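K.L.:
For reference, the file my_file_23.txt (compact mmCIF, C-alpha atoms) is included below:
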# COMPACT_ATOMS: atom_id res chain seq x y z
CA GLY A 4 -11.68 -11.11 14.16
CA GLY A 5 -10.48 -8.51 11.67
CA GLU A 6 -13.94 -7.14 10.95
CA ALA A 7 -14.65 -6.68 14.67
CA LEU A 8 -11.37 -4.86 15.10
CA ALA A 9 -12.20 -2.66 12.10
CA GLU A 10 -15.49 -1.67 13.70
CA ALA A 11 -13.70 -0.76 16.94
CA LEU A 12 -11.14 1.30 14.99
CA MET A 13 -13.95 3.40 13.48
CA SER A 14 -14.54 5.02 16.86
CA LEU A 15 -10.95 6.28 17.14
CA THR A 16 -11.47 9.64 15.49
CA SER A 17 -8.05 10.98 16.43
CA LEU A 18 -5.97 7.94 15.39
CA LYS A 19 -3.01 9.23 13.35
CA GLU A 20 -0.81 6.13 13.21
CA LEU A 21 -1.65 2.45 12.96
CA ASP A 22 1.08 -0.18 12.97
CA PHE A 23 -0.44 -3.56 12.28
CA SER A 24 2.73 -5.20 10.98
CA GLU A 25 3.42 -8.94 11.30
CA ASN A 26 -0.15 -9.89 12.22
CA GLN A 27 -0.99 -12.50 9.59
CA ILE A 28 -3.82 -10.45 8.09
CA SER A 29 -4.90 -10.72 4.47
CA VAL A 30 -5.18 -7.87 2.00
CA GLN A 31 -8.97 -8.21 2.30
CA ILE A 32 -8.89 -7.62 6.07
CA SER A 33 -6.27 -4.88 5.55
CA ALA A 34 -8.70 -3.12 3.20
CA VAL A 35 -11.54 -3.37 5.74
CA MET A 36 -9.31 -2.01 8.51
CA PHE A 37 -7.95 0.74 6.25
CA ARG A 38 -11.49 1.83 5.35
CA ALA A 39 -12.55 1.76 9.02
CA VAL A 40 -9.62 3.82 10.26
CA CYS A 41 -9.99 6.24 7.40
CA ALA A 42 -13.59 6.94 8.28
CA ALA A 43 -12.15 9.27 10.90
CA LYS A 44 -10.04 11.00 8.22
CA ALA A 45 -7.14 11.55 10.64
CA LEU A 46 -4.86 8.63 9.72
CA GLN A 47 -1.42 9.84 8.62
CA ARG A 48 0.77 6.73 8.93
CA LEU A 49 -0.23 3.14 8.14
CA TYR A 50 2.17 0.21 8.59
CA LEU A 51 1.07 -3.20 7.36
CA ASP A 52 4.49 -4.79 6.92
CA GLY A 53 4.96 -8.55 6.77
CA ASN A 54 1.34 -9.60 6.62
CA LEU A 55 -0.11 -12.37 4.46
CA PRO A 56 0.82 -12.41 0.77
CA TRP A 57 -1.33 -10.41 -1.63
CA PRO A 58 -3.34 -12.63 -3.95
CA THR A 59 -2.01 -12.72 -7.49
CA SER A 60 -4.75 -14.53 -9.38
CA GLU A 61 -7.33 -12.72 -11.50
CA ASN A 62 -10.25 -13.86 -9.32
CA CYS A 63 -8.72 -12.05 -6.30
CA GLU A 64 -8.40 -8.68 -8.02
CA VAL A 65 -11.43 -7.33 -6.15
CA GLN A 66 -9.62 -7.76 -2.82
CA VAL A 67 -6.56 -5.83 -4.02
CA THR A 68 -8.72 -3.14 -5.63
CA ALA A 69 -10.65 -2.68 -2.36
CA PHE A 70 -7.32 -1.71 -0.77
CA THR A 71 -5.83 0.38 -3.58
CA ASP A 72 -9.04 2.34 -4.22
CA GLN A 73 -8.43 4.00 -0.86
CA LEU A 74 -5.17 5.51 -2.14
CA SER A 75 -6.77 7.82 -4.73
CA GLY A 76 -10.06 9.11 -6.04
CA PRO A 77 -13.24 9.65 -4.03
CA LEU A 78 -12.36 6.95 -1.48
CA ALA A 79 -8.86 8.28 -0.85
CA VAL A 80 -7.62 9.12 2.61
CA ALA A 81 -6.59 12.75 2.25
CA SER A 82 -4.51 12.71 5.43
CA LEU A 83 -2.37 9.62 4.64
CA GLU A 84 1.32 10.60 4.42
CA VAL A 85 3.14 7.30 5.09
CA LEU A 86 2.26 3.84 3.79
CA SER A 87 4.45 0.83 4.48
CA LEU A 88 3.68 -2.50 2.85
CA ARG A 89 7.13 -4.03 3.28
CA ARG A 90 7.36 -7.84 2.95
CA CYS A 91 3.71 -8.34 1.95
CA LYS A 92 4.65 -10.46 -1.09
CA MET A 93 2.50 -8.35 -3.36
CA HIS A 94 4.69 -9.07 -6.38
CA SER A 95 4.40 -7.07 -9.58
CA SER A 96 0.63 -7.37 -9.98
CA GLY A 97 -0.13 -5.85 -6.55
CA ALA A 98 2.62 -3.25 -6.88
CA THR A 99 1.25 -2.18 -10.27
CA LYS A 100 -2.15 -1.55 -8.69
CA VAL A 101 -0.53 0.48 -5.88
CA PHE A 102 1.53 2.54 -8.36
CA GLU A 103 -1.50 3.20 -10.56
CA SER A 104 -3.55 4.33 -7.58
CA LEU A 105 -0.81 6.59 -6.28
CA SER A 106 -0.30 8.34 -9.61
CA SER A 107 -3.11 10.71 -8.65
CA ASN A 108 -2.38 10.88 -4.90
CA GLN A 109 -1.23 14.30 -3.69
CA THR A 110 -0.60 13.62 0.01
CA LEU A 111 1.52 10.48 0.38
CA ARG A 112 5.12 11.45 1.20
CA LYS A 113 6.67 8.08 2.06
CA LEU A 114 6.06 4.69 0.43
CA ASN A 115 7.81 1.49 1.51
CA LEU A 116 7.44 -1.48 -0.81
CA ALA A 117 10.74 -3.19 0.05
CA CYS A 118 11.01 -6.99 -0.15
CA ASN A 119 7.91 -7.63 -2.26
CA GLY A 120 9.25 -9.49 -5.29
CA ILE A 121 8.44 -6.60 -7.64
CA ARG A 122 9.75 -7.27 -11.15
CA GLN A 123 9.97 -5.65 -14.55
CA SER A 124 6.26 -5.88 -15.29
CA ALA A 125 5.59 -3.21 -12.63
CA ALA A 126 8.34 -0.85 -13.80
CA ASN A 127 6.13 1.06 -16.26
CA ALA A 128 3.47 1.73 -13.63
CA LEU A 129 6.21 2.86 -11.24
CA ALA A 130 7.64 5.19 -13.88
CA MET A 131 4.17 6.66 -14.53
CA MET A 132 3.65 7.25 -10.80
CA LEU A 133 7.02 8.97 -10.49
CA ALA A 134 6.31 11.14 -13.55
CA SER A 135 2.98 12.34 -12.15
CA PRO A 136 2.72 15.30 -9.80
CA SER A 137 2.95 13.88 -6.31
CA ALA A 138 4.19 14.58 -2.80
CA ILE A 139 6.46 11.48 -2.65
CA GLU A 140 9.68 12.33 -0.81
CA GLU A 141 10.80 8.82 0.15
CA LEU A 142 10.41 5.62 -1.86
CA ASP A 143 11.85 2.34 -0.56
CA LEU A 144 12.12 -0.40 -3.16
CA ARG A 145 14.96 -2.36 -1.54
CA ASP A 146 15.27 -6.09 -2.01
CA ASN A 147 12.90 -6.47 -4.93
CA ARG A 148 13.70 -8.03 -8.25
CA LEU A 149 14.16 -4.87 -10.30
CA GLY A 150 17.26 -5.73 -12.30
CA CYS A 151 19.31 -3.51 -14.58
CA GLN A 152 16.80 -3.83 -17.40
CA ASP A 153 13.98 -2.99 -14.98
CA ALA A 154 15.83 0.02 -13.57
CA LEU A 155 16.25 1.44 -17.09
CA ALA A 156 12.48 1.48 -17.57
CA ILE A 157 12.13 3.58 -14.42
CA ALA A 158 14.81 6.06 -15.48
Using structure tokens, write down the structure that the file contains.

P.N.:
Amino acid sequence: GGEALAEALMSLTSLKELDFSENQISVQISAVMFRAVCAAKALQRLYLDGNLPWPTSENCEVQVTAFTDQLSGPLAVASLEVLSLRRCKMHSSGATKVFESLSSNQTLRKLNLACNGIRQSAANALAMMLASPSAIEELDLRDNRLGCQDALAIA
């Protein structure tokens, strides 16, 4: 299913926005689709809100890394300006990976990680991302579990 769709998406060389929210896809399939769409290098806005929870165990780290590697470095999508992963239940471990990857991203302007159960353990990675030179203009962290103590680490 997801792999076949990813192959079809590769042919859309002018695709600038993909909204695949609320489709019950895993982070592994999201990574495959992200890589396929990005082959065209035109994608500017990617919405994957409300899909299956991100795996949190150590043995699933490869799946999360396959997604986050496309946010920076040689695999990065240079055209990506908006990324929305709202309600993906990525928790702190997934959010930390996203924040670490985005610390060297120069194109992303809007990041939505609302409603993901992000806690204090991701606050340092978030602070590092915010301290790095970036293009971030909008950051949505609503409805997470960043309490007062967590907010102080970000400040």

K.L.:
To one decimal place, how far is atom CA of A:Leu49 from atom CA of A:Lys92 in Å?

P.N.:
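Separation between atom CA of A:Leu49 and atom CA of A:Lys92: 17.1 Å.
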
K.L.:
Excluding same-chain residues fewer than 4 positions from A:Ile32, what lies within 12 Å of it counting only C-alpha atoms, as a ChimeraX atom specification?

P.N.:
/A:4-10,23,26-28,36-39,51,54-55,57,66-67,69-70

K.L.:
Using all atoms listed in the file for the distances, tell me which of A:Ser14, A:Ser106, A:Val30, A:Gln123 is nearest to A:Leu88.

P.N.:
A:Val30

K.L.:
Residues at most 7 Å from A:Glu20, counting only C-alpha atoms, excluding those fewer than 5 positions away in the same chain, as JSON, numbers by chain?

P.N.:
{"A": [46, 47, 48, 49]}

K.L.:
Would you give the centre and edge lengths, in Å to one decimal, of a box along x, y and z around the listed atoms of stretch 5-17 of chain A, with 6 Å added to each side, as JSON?

P.N.:
{"center_x": -11.8, "center_y": 1.2, "center_z": 14.0, "size_x": 19.4, "size_y": 31.5, "size_z": 18.2}

K.L.:
For A:Ser107, which of A:Ala79, A:Ala125, A:Ala130, A:Val85 is the closest residue, counting only C-alpha atoms?

P.N.:
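Comparing A:Ala79, A:Ala125, A:Ala130, A:Val85 against A:Ser107, the winner is A:Ala79.
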
K.L.:
When you count all atoms listed in the file, which of these residues is closest to A:Met13: A:Leu105, A:Gln31, A:Ala45, A:Leu129?

P.N.:
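Answer, going by the shortest atom-to-atom distance: A:Ala45.
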
K.L.:
Go through A:Ala134, A:Leu21, A:Leu12, A:Leu86 and flag the residue nearest A:Asn115, using all atoms listed in the file for the distances.

P.N.:
A:Leu86

K.L.:
Would you mind putting N, CA and C atoms back on stretch 14-30 of chain A and writing the result as a tab-separated table (two decimals), in the frame of the given file?

P.N.:
chain	number	residue	atom	x	y	z
A	14	SER	N	-14.22	4.07	15.80
A	14	SER	CA	-14.54	5.02	16.86
A	14	SER	C	-13.33	5.87	17.27
A	15	LEU	N	-12.16	5.52	16.79
A	15	LEU	CA	-10.95	6.28	17.14
A	15	LEU	C	-10.78	7.45	16.17
A	16	THR	N	-11.46	8.51	16.42
A	16	THR	CA	-11.47	9.64	15.49
A	16	THR	C	-10.17	10.41	15.44
A	17	SER	N	-9.30	10.23	16.43
A	17	SER	CA	-8.05	10.98	16.43
A	17	SER	C	-6.84	10.10	16.10
A	18	LEU	N	-7.07	8.85	15.70
A	18	LEU	CA	-5.97	7.94	15.39
A	18	LEU	C	-5.17	8.45	14.19
A	19	LYS	N	-3.88	8.71	14.41
A	19	LYS	CA	-3.01	9.23	13.35
A	19	LYS	C	-2.05	8.19	12.83
A	20	GLU	N	-1.74	7.17	13.63
A	20	GLU	CA	-0.81	6.13	13.21
A	20	GLU	C	-1.34	4.77	13.63
A	21	LEU	N	-1.26	3.83	12.68
A	21	LEU	CA	-1.65	2.45	12.96
A	21	LEU	C	-0.54	1.55	12.45
A	22	ASP	N	0.07	0.80	13.35
A	22	ASP	CA	1.08	-0.18	12.97
A	22	ASP	C	0.50	-1.55	13.24
A	23	PHE	N	0.16	-2.24	12.18
A	23	PHE	CA	-0.44	-3.56	12.28
A	23	PHE	C	0.44	-4.55	11.53
A	24	SER	N	1.76	-4.34	11.65
A	24	SER	CA	2.73	-5.20	10.98
A	24	SER	C	2.79	-6.58	11.64
A	25	GLU	N	3.16	-7.58	10.81
A	25	GLU	CA	3.42	-8.94	11.30
A	25	GLU	C	2.24	-9.53	12.07
A	26	ASN	N	1.03	-9.37	11.54
A	26	ASN	CA	-0.15	-9.89	12.22
A	26	ASN	C	-0.94	-10.93	11.44
A	27	GLN	N	-0.34	-11.44	10.36
A	27	GLN	CA	-0.99	-12.50	9.59
A	27	GLN	C	-2.37	-12.11	9.06
A	28	ILE	N	-2.54	-10.85	8.66
A	28	ILE	CA	-3.82	-10.45	8.09
A	28	ILE	C	-3.73	-10.43	6.58
A	29	SER	N	-4.84	-10.69	5.94
A	29	SER	CA	-4.90	-10.72	4.47
A	29	SER	C	-5.12	-9.32	3.93
A	30	VAL	N	-4.93	-9.17	2.63
A	30	VAL	CA	-5.18	-7.87	2.00
A	30	VAL	C	-6.66	-7.50	2.14
